[in-house]
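Structure file upload-v4.tsv with TSV, N, CA and C atoms:
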```tsv
chain	number	residue	atom	x	y	z
Q	1	MET	N	68.94	97.55	79.47
Q	1	MET	CA	69.27	98.83	80.06
Q	1	MET	C	68.68	98.96	81.46
Q	2	LEU	N	67.42	98.53	81.58
Q	2	LEU	CA	66.75	98.64	82.86
Q	2	LEU	C	67.39	97.71	83.90
Q	3	SER	N	67.80	96.52	83.47
Q	3	SER	CA	68.41	95.59	84.41
Q	3	SER	C	69.78	96.11	84.88
Q	4	GLY	N	70.52	96.82	84.01
Q	4	GLY	CA	71.79	97.43	84.40
Q	4	GLY	C	71.60	98.51	85.44
Q	5	VAL	N	70.57	99.33	85.27
Q	5	VAL	CA	70.29	100.39	86.23
Q	5	VAL	C	69.85	99.79	87.56
Q	6	MET	N	68.99	98.78	87.49
Q	6	MET	CA	68.52	98.14	88.72
Q	6	MET	C	69.65	97.45	89.47
Q	7	SER	N	70.56	96.79	88.74
Q	7	SER	CA	71.67	96.13	89.42
Q	7	SER	C	72.63	97.17	90.01
Q	8	SER	N	72.79	98.31	89.36
Q	8	SER	CA	73.63	99.38	89.91
Q	8	SER	C	73.01	99.94	91.19
Q	9	ILE	N	71.71	100.18	91.17
Q	9	ILE	CA	71.02	100.69	92.37
Q	9	ILE	C	71.11	99.67	93.50
Q	10	LEU	N	70.93	98.39	93.16
Q	10	LEU	CA	71.03	97.34	94.17
Q	10	LEU	C	72.45	97.26	94.75
Q	11	GLY	N	73.45	97.38	93.89
Q	11	GLY	CA	74.84	97.33	94.36
Q	11	GLY	C	75.20	98.51	95.25
Q	12	ILE	N	74.77	99.69	94.86
Q	12	ILE	CA	75.05	100.89	95.65
Q	12	ILE	C	74.33	100.83	96.99
Q	13	SER	N	73.06	100.44	96.97
Q	13	SER	CA	72.32	100.38	98.23
Q	13	SER	C	72.87	99.27	99.14
Q	14	LEU	N	73.30	98.15	98.58
Q	14	LEU	CA	73.90	97.10	99.38
Q	14	LEU	C	75.22	97.55	99.99
Q	15	SER	N	76.03	98.27	99.23
Q	15	SER	CA	77.29	98.77	99.78
Q	15	SER	C	77.06	99.82	100.86
Q	16	ILE	N	76.05	100.67	100.70
Q	16	ILE	CA	75.72	101.65	101.74
Q	16	ILE	C	75.23	100.94	102.99
Q	17	LEU	N	74.45	99.87	102.83
Q	17	LEU	CA	73.97	99.10	103.97
Q	17	LEU	C	75.14	98.44	104.72
Q	18	VAL	N	76.08	97.87	103.99
Q	18	VAL	CA	77.23	97.22	104.63
Q	18	VAL	C	78.11	98.25	105.32
Q	19	MET	N	78.32	99.42	104.69
Q	19	MET	CA	79.11	100.47	105.33
Q	19	MET	C	78.44	100.98	106.59
Q	20	GLY	N	77.13	101.14	106.56
Q	20	GLY	CA	76.40	101.58	107.75
Q	20	GLY	C	76.47	100.55	108.87
Q	21	PHE	N	76.37	99.28	108.52
Q	21	PHE	CA	76.47	98.22	109.49
Q	21	PHE	C	77.86	98.20	110.13
Q	22	GLY	N	78.89	98.39	109.32
Q	22	GLY	CA	80.26	98.46	109.85
Q	22	GLY	C	80.46	99.67	110.74
Q	23	TRP	N	79.86	100.78	110.38
Q	23	TRP	CA	79.98	102.00	111.18
Q	23	TRP	C	79.33	101.81	112.55
Q	24	VAL	N	78.16	101.16	112.58
Q	24	VAL	CA	77.48	100.91	113.84
Q	24	VAL	C	78.29	99.95	114.70
Q	25	LEU	N	78.88	98.93	114.10
Q	25	LEU	CA	79.66	97.96	114.85
Q	25	LEU	C	80.99	98.52	115.35
Q	26	SER	N	81.47	99.58	114.74
Q	26	SER	CA	82.79	100.09	115.11
Q	26	SER	C	82.77	100.96	116.36
Q	27	PHE	N	81.61	101.29	116.89
Q	27	PHE	CA	81.56	102.08	118.12
Q	27	PHE	C	82.14	101.30	119.28
Q	28	LYS	N	82.88	101.98	120.10
Q	28	LYS	CA	83.45	101.36	121.29
Q	28	LYS	C	82.40	101.38	122.40
Q	29	MET	N	82.14	100.22	122.96
Q	29	MET	CA	81.17	100.14	124.05
Q	29	MET	C	81.78	100.64	125.36
Q	30	MET	N	82.99	100.20	125.63
Q	30	MET	CA	83.66	100.60	126.86
Q	30	MET	C	85.07	101.04	126.52
Q	31	CYS	N	85.45	102.21	126.94
Q	31	CYS	CA	86.83	102.65	126.75
Q	31	CYS	C	87.63	102.21	127.97
Q	32	ASP	N	88.38	101.17	127.80
Q	32	ASP	CA	89.16	100.60	128.88
Q	32	ASP	C	90.61	100.51	128.41
Q	33	ARG	N	91.54	100.82	129.28
Q	33	ARG	CA	92.95	100.82	128.92
Q	33	ARG	C	93.41	99.43	128.51
Q	34	GLU	N	92.94	98.41	129.22
Q	34	GLU	CA	93.35	97.05	128.89
Q	34	GLU	C	92.75	96.58	127.57
Q	35	LYS	N	91.54	96.97	127.28
Q	35	LYS	CA	90.93	96.55	126.02
Q	35	LYS	C	91.55	97.26	124.82
Q	36	ASN	N	91.99	98.48	124.99
Q	36	ASN	CA	92.57	99.23	123.88
Q	36	ASN	C	94.05	98.96	123.68
Q	37	SER	N	94.68	98.23	124.59
Q	37	SER	CA	96.11	97.97	124.46
Q	37	SER	C	96.34	96.74	123.58
Q	38	PRO	N	97.45	96.70	122.87
Q	38	PRO	CA	97.73	95.54	122.01
Q	38	PRO	C	98.10	94.33	122.85
Q	39	PHE	N	97.82	93.16	122.32
Q	39	PHE	CA	98.13	91.91	123.01
Q	39	PHE	C	98.98	91.06	122.09
Q	40	GLU	N	100.17	90.71	122.53
Q	40	GLU	CA	101.05	89.89	121.72
Q	40	GLU	C	101.74	88.85	122.57
Q	41	CYS	N	101.74	87.65	122.12
Q	41	CYS	CA	102.55	86.54	122.65
Q	41	CYS	C	102.34	86.29	124.14
Q	42	GLY	N	101.22	86.64	124.70
Q	42	GLY	CA	100.96	86.35	126.09
Q	42	GLY	C	101.61	87.30	127.07
Q	43	PHE	N	102.28	88.35	126.61
Q	43	PHE	CA	102.89	89.32	127.51
Q	43	PHE	C	101.83	90.28	128.01
Q	44	ASP	N	101.95	90.67	129.26
Q	44	ASP	CA	101.02	91.64	129.83
Q	44	ASP	C	101.40	93.02	129.31
Q	45	PRO	N	100.52	93.70	128.59
Q	45	PRO	CA	100.89	94.98	127.99
Q	45	PRO	C	100.99	96.13	128.99
Q	46	LEU	N	100.54	95.93	130.21
Q	46	LEU	CA	100.56	97.02	131.18
Q	46	LEU	C	101.85	97.03	132.01
Q	47	LYS	N	102.67	96.00	131.88
Q	47	LYS	CA	103.93	95.96	132.61
Q	47	LYS	C	105.06	96.42	131.70
Q	48	SER	N	106.27	96.28	132.15
Q	48	SER	CA	107.44	96.72	131.40
Q	48	SER	C	107.56	95.94	130.09
Q	49	ALA	N	107.95	96.63	129.04
Q	49	ALA	CA	108.13	95.99	127.74
Q	49	ALA	C	109.50	95.33	127.63
Q	50	ARG	N	110.33	95.49	128.60
Q	50	ARG	CA	111.69	94.96	128.56
Q	50	ARG	C	111.85	93.63	129.28
Q	51	LEU	N	110.80	92.82	129.31
Q	51	LEU	CA	110.90	91.52	129.93
Q	51	LEU	C	111.69	90.57	129.03
Q	52	PRO	N	112.55	89.76	129.60
Q	52	PRO	CA	113.31	88.83	128.75
Q	52	PRO	C	112.42	87.71	128.24
Q	53	TYR	N	112.72	87.24	127.05
Q	53	TYR	CA	112.01	86.10	126.49
Q	53	TYR	C	113.03	85.09	126.01
Q	54	SER	N	112.56	83.93	125.72
Q	54	SER	CA	113.45	82.84	125.36
Q	54	SER	C	114.14	83.12	124.03
Q	55	MET	N	115.46	83.04	124.04
Q	55	MET	CA	116.22	83.24	122.81
Q	55	MET	C	116.01	82.06	121.86
Q	56	ARG	N	115.68	80.91	122.40
Q	56	ARG	CA	115.41	79.74	121.56
Q	56	ARG	C	114.13	79.96	120.75
Q	57	PHE	N	113.15	80.63	121.35
Q	57	PHE	CA	111.94	80.96	120.62
Q	57	PHE	C	112.25	81.89	119.45
Q	58	PHE	N	113.08	82.90	119.70
Q	58	PHE	CA	113.46	83.83	118.63
Q	58	PHE	C	114.21	83.10	117.53
Q	59	LEU	N	115.14	82.24	117.88
Q	59	LEU	CA	115.93	81.50	116.89
Q	59	LEU	C	115.04	80.57	116.07
Q	60	LEU	N	114.10	79.90	116.73
Q	60	LEU	CA	113.20	79.01	116.01
Q	60	LEU	C	112.28	79.80	115.07
Q	61	ALA	N	111.87	80.98	115.49
Q	61	ALA	CA	111.03	81.82	114.62
Q	61	ALA	C	111.81	82.28	113.39
Q	62	ILE	N	113.07	82.64	113.56
Q	62	ILE	CA	113.90	83.05	112.42
Q	62	ILE	C	114.12	81.89	111.47
Q	63	ILE	N	114.38	80.69	112.02
Q	63	ILE	CA	114.57	79.51	111.18
Q	63	ILE	C	113.29	79.20	110.41
Q	64	PHE	N	112.15	79.34	111.07
Q	64	PHE	CA	110.87	79.13	110.38
Q	64	PHE	C	110.72	80.10	109.22
Q	65	LEU	N	111.04	81.37	109.44
Q	65	LEU	CA	110.91	82.36	108.36
Q	65	LEU	C	111.84	82.04	107.20
Q	66	ILE	N	113.05	81.61	107.50
Q	66	ILE	CA	114.00	81.29	106.43
Q	66	ILE	C	113.49	80.12	105.61
Q	67	PHE	N	113.06	79.04	106.27
Q	67	PHE	CA	112.56	77.89	105.53
Q	67	PHE	C	111.24	78.19	104.84
Q	68	ASP	N	110.45	79.08	105.39
Q	68	ASP	CA	109.20	79.46	104.74
Q	68	ASP	C	109.49	80.21	103.44
Q	69	ILE	N	110.46	81.09	103.45
Q	69	ILE	CA	110.84	81.81	102.23
Q	69	ILE	C	111.41	80.86	101.20
Q	70	GLU	N	112.16	79.86	101.64
Q	70	GLU	CA	112.70	78.88	100.70
Q	70	GLU	C	111.59	78.06	100.05
Q	71	ILE	N	110.55	77.75	100.80
Q	71	ILE	CA	109.42	77.02	100.21
Q	71	ILE	C	108.70	77.89	99.19
Q	72	VAL	N	108.59	79.18	99.49
Q	72	VAL	CA	107.95	80.10	98.52
Q	72	VAL	C	108.78	80.16	97.24
Q	73	LEU	N	110.09	80.07	97.35
Q	73	LEU	CA	110.94	80.05	96.16
Q	73	LEU	C	110.91	78.70	95.47
Q	74	LEU	N	110.58	77.65	96.18
Q	74	LEU	CA	110.59	76.31	95.61
Q	74	LEU	C	109.38	76.05	94.72
Q	75	PHE	N	108.23	76.58	95.03
Q	75	PHE	CA	107.03	76.32	94.22
Q	75	PHE	C	107.17	76.79	92.77
Q	76	PRO	N	107.58	78.03	92.51
Q	76	PRO	CA	107.74	78.41	91.10
Q	76	PRO	C	108.83	77.62	90.40
Q	77	LEU	N	109.85	77.22	91.15
Q	77	LEU	CA	110.93	76.42	90.56
Q	77	LEU	C	110.41	75.06	90.12
Q	78	LEU	N	109.59	74.43	90.93
Q	78	LEU	CA	109.03	73.13	90.55
Q	78	LEU	C	108.08	73.26	89.37
Q	79	ILE	N	107.32	74.33	89.31
Q	79	ILE	CA	106.42	74.53	88.17
Q	79	ILE	C	107.22	74.74	86.89
Q	80	SER	N	108.32	75.48	86.98
Q	80	SER	CA	109.14	75.68	85.78
Q	80	SER	C	109.81	74.38	85.34
Q	81	VAL	N	110.17	73.52	86.28
Q	81	VAL	CA	110.74	72.22	85.91
Q	81	VAL	C	109.69	71.36	85.22
Q	82	LEU	N	108.45	71.41	85.70
Q	82	LEU	CA	107.40	70.62	85.08
Q	82	LEU	C	107.03	71.14	83.69
Q	83	MET	N	107.17	72.46	83.48
Q	83	MET	CA	106.83	73.04	82.18
Q	83	MET	C	107.93	72.78	81.14
Q	84	MET	N	109.18	72.96	81.54
Q	84	MET	CA	110.29	72.77	80.60
Q	84	MET	C	111.17	71.64	81.12
Q	85	TYR	N	111.13	70.54	80.46
Q	85	TYR	CA	111.93	69.40	80.90
Q	85	TYR	C	113.36	69.55	80.41
Q	86	SER	N	114.01	70.62	80.83
Q	86	SER	CA	115.39	70.82	80.39
Q	86	SER	C	116.36	70.34	81.48
Q	87	TYR	N	117.54	70.02	81.05
Q	87	TYR	CA	118.58	69.52	81.95
Q	87	TYR	C	118.98	70.58	82.97
Q	88	LYS	N	119.06	71.84	82.53
Q	88	LYS	CA	119.50	72.92	83.42
Q	88	LYS	C	118.48	73.19	84.53
Q	89	SER	N	117.20	73.17	84.20
Q	89	SER	CA	116.20	73.44	85.23
Q	89	SER	C	116.12	72.30	86.24
Q	90	ILE	N	116.24	71.07	85.79
Q	90	ILE	CA	116.23	69.94	86.72
Q	90	ILE	C	117.46	69.96	87.61
Q	91	LEU	N	118.61	70.30	87.05
Q	91	LEU	CA	119.85	70.38	87.83
Q	91	LEU	C	119.78	71.53	88.84
Q	92	GLY	N	119.22	72.67	88.44
Q	92	GLY	CA	119.06	73.79	89.36
Q	92	GLY	C	118.13	73.46	90.51
Q	93	CYS	N	117.03	72.78	90.20
Q	93	CYS	CA	116.09	72.37	91.25
Q	93	CYS	C	116.75	71.37	92.19
Q	94	PHE	N	117.54	70.44	91.63
Q	94	PHE	CA	118.24	69.47	92.45
Q	94	PHE	C	119.22	70.15	93.40
Q	95	TRP	N	120.00	71.11	92.92
Q	95	TRP	CA	120.97	71.79	93.78
Q	95	TRP	C	120.29	72.65	94.84
Q	96	PHE	N	119.17	73.25	94.48
Q	96	PHE	CA	118.42	74.02	95.47
Q	96	PHE	C	117.92	73.12	96.59
Q	97	LEU	N	117.41	71.96	96.25
Q	97	LEU	CA	116.94	71.01	97.26
Q	97	LEU	C	118.09	70.47	98.10
Q	98	VAL	N	119.25	70.24	97.48
Q	98	VAL	CA	120.41	69.75	98.22
Q	98	VAL	C	120.85	70.79	99.25
Q	99	ILE	N	120.91	72.05	98.84
Q	99	ILE	CA	121.31	73.11	99.77
Q	99	ILE	C	120.28	73.25	100.89
Q	100	LEU	N	119.02	73.11	100.56
Q	100	LEU	CA	117.96	73.18	101.57
Q	100	LEU	C	118.06	72.03	102.57
Q	101	ILE	N	118.33	70.84	102.10
Q	101	ILE	CA	118.44	69.68	102.99
Q	101	ILE	C	119.71	69.77	103.83
Q	102	ILE	N	120.81	70.25	103.26
Q	102	ILE	CA	122.04	70.43	104.04
Q	102	ILE	C	121.81	71.45	105.16
Q	103	GLY	N	121.11	72.54	104.86
Q	103	GLY	CA	120.80	73.54	105.89
Q	103	GLY	C	119.91	72.97	106.98
Q	104	LEU	N	118.95	72.14	106.59
Q	104	LEU	CA	118.07	71.52	107.59
Q	104	LEU	C	118.86	70.58	108.49
Q	105	PHE	N	119.73	69.75	107.92
Q	105	PHE	CA	120.54	68.85	108.74
Q	105	PHE	C	121.52	69.61	109.62
Q	106	TYR	N	122.04	70.73	109.15
Q	106	TYR	CA	122.94	71.53	109.97
Q	106	TYR	C	122.19	72.11	111.18
Q	107	GLU	N	121.00	72.64	110.95
Q	107	GLU	CA	120.20	73.17	112.06
Q	107	GLU	C	119.82	72.06	113.04
Q	108	TRP	N	119.54	70.89	112.51
Q	108	TRP	CA	119.18	69.76	113.36
Q	108	TRP	C	120.37	69.30	114.20
Q	109	SER	N	121.55	69.21	113.57
Q	109	SER	CA	122.73	68.76	114.31
Q	109	SER	C	123.20	69.80	115.32
Q	110	GLU	N	122.95	71.08	115.03
Q	110	GLU	CA	123.32	72.14	115.96
Q	110	GLU	C	122.39	72.17	117.17
Q	111	GLY	N	121.21	71.59	117.03
Q	111	GLY	CA	120.25	71.56	118.13
Q	111	GLY	C	119.31	72.74	118.12
Q	112	SER	N	119.27	73.49	117.05
Q	112	SER	CA	118.39	74.66	116.98
Q	112	SER	C	116.92	74.28	116.86
Q	113	LEU	N	116.64	73.10	116.36
Q	113	LEU	CA	115.26	72.68	116.18
Q	113	LEU	C	114.67	72.03	117.41
Q	114	ASN	N	115.49	71.79	118.43
Q	114	ASN	CA	115.01	71.21	119.68
Q	114	ASN	C	114.41	72.31	120.54
Q	115	TRP	N	113.11	72.24	120.75
Q	115	TRP	CA	112.45	73.29	121.52
Q	115	TRP	C	112.66	73.07	123.01
Q	116	VAL	N	112.58	71.82	123.45
Q	116	VAL	CA	112.73	71.50	124.86
Q	116	VAL	C	113.96	70.63	125.01
Q	117	HIS	N	114.77	70.91	126.01
Q	117	HIS	CA	116.00	70.12	126.21
Q	117	HIS	C	115.68	68.78	126.77
```

What is this file in structure tokens?
Amino acid sequence: MLSGVMSSILGISLSILVMGFGWVLSFKMMCDREKNSPFECGFDPLKSARLPYSMRFFLLAIIFLIFDIEIVLLFPLLISVLMMYSYKSILGCFWFLVILIIGLFYEWSEGSLNWVH
């Protein structure tokens, strides 16, 4: 009983210490417009937001997201194939991989994966 109370007191005091430390660190030392502005992709946040950017970069980012989602779908599929050695699951995994490889070759032949000409 005593060790439970002591561990509770230790946990509460440790959490209060961490919250206090975070509160002290969260103070802004200098309020500067440039420091408080968001920074993304190397664009200067103080200039116009309508600067053109490379459409190839956007296309490559979309292709990356699509293939990333396909990989996320592929992991559970492979685990289910390893768990149940059924003909249907192996055939489904095979067709999924075939469609994925056909899409990759199509993007490659179209030239979408070439970053620099």

Kindly give the distance, in Å, that separates atom C of Glu110 of chain Q and atom CA of Phe94 of chain Q, rounded to a single decimal.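 That distance, rounded to one decimal, is 25.2 Å.
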
If I take atom CA of Glu70 of chain Q and atom N of Ile101 of chain Q, how far is one from the other in Å, to one decimal?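 About the pair atom CA of Glu70 of chain Q and atom N of Ile101 of chain Q: they are 9.9 Å apart.
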
Go ahead and compute the interatomic distance for atom CA of Tyr106 of chain Q and atom CA of Ile62 of chain Q, in Å to one decimal. 14.8 Å

Which residues, written as a VMD selection string, have at least one atom at most 8 Å from Ser112 of chain Q, with all atoms listed in the file counted and residues fewer than 6 positions away on the same chain left out? chain Q and resid 56 59 to 60 106

Expected axis-aligned box over every listed atom of segment 88-91 of chain Q, 8 Å added per side, centre plus edges in Å to one decimal, as AutoDock Vina command-line options:
```
--center_x 118.0 --center_y 71.7 --center_z 85.7 --size_x 19.7 --size_y 19.5 --size_z 22.3
```

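Minimum atom-to-atom distance to Gly92 of chain Q, evaluated using all atoms listed in the file, belongs to Q:Leu77 out of Q:Gly22, Q:Ala61, Q:Leu77, Q:Ile71.
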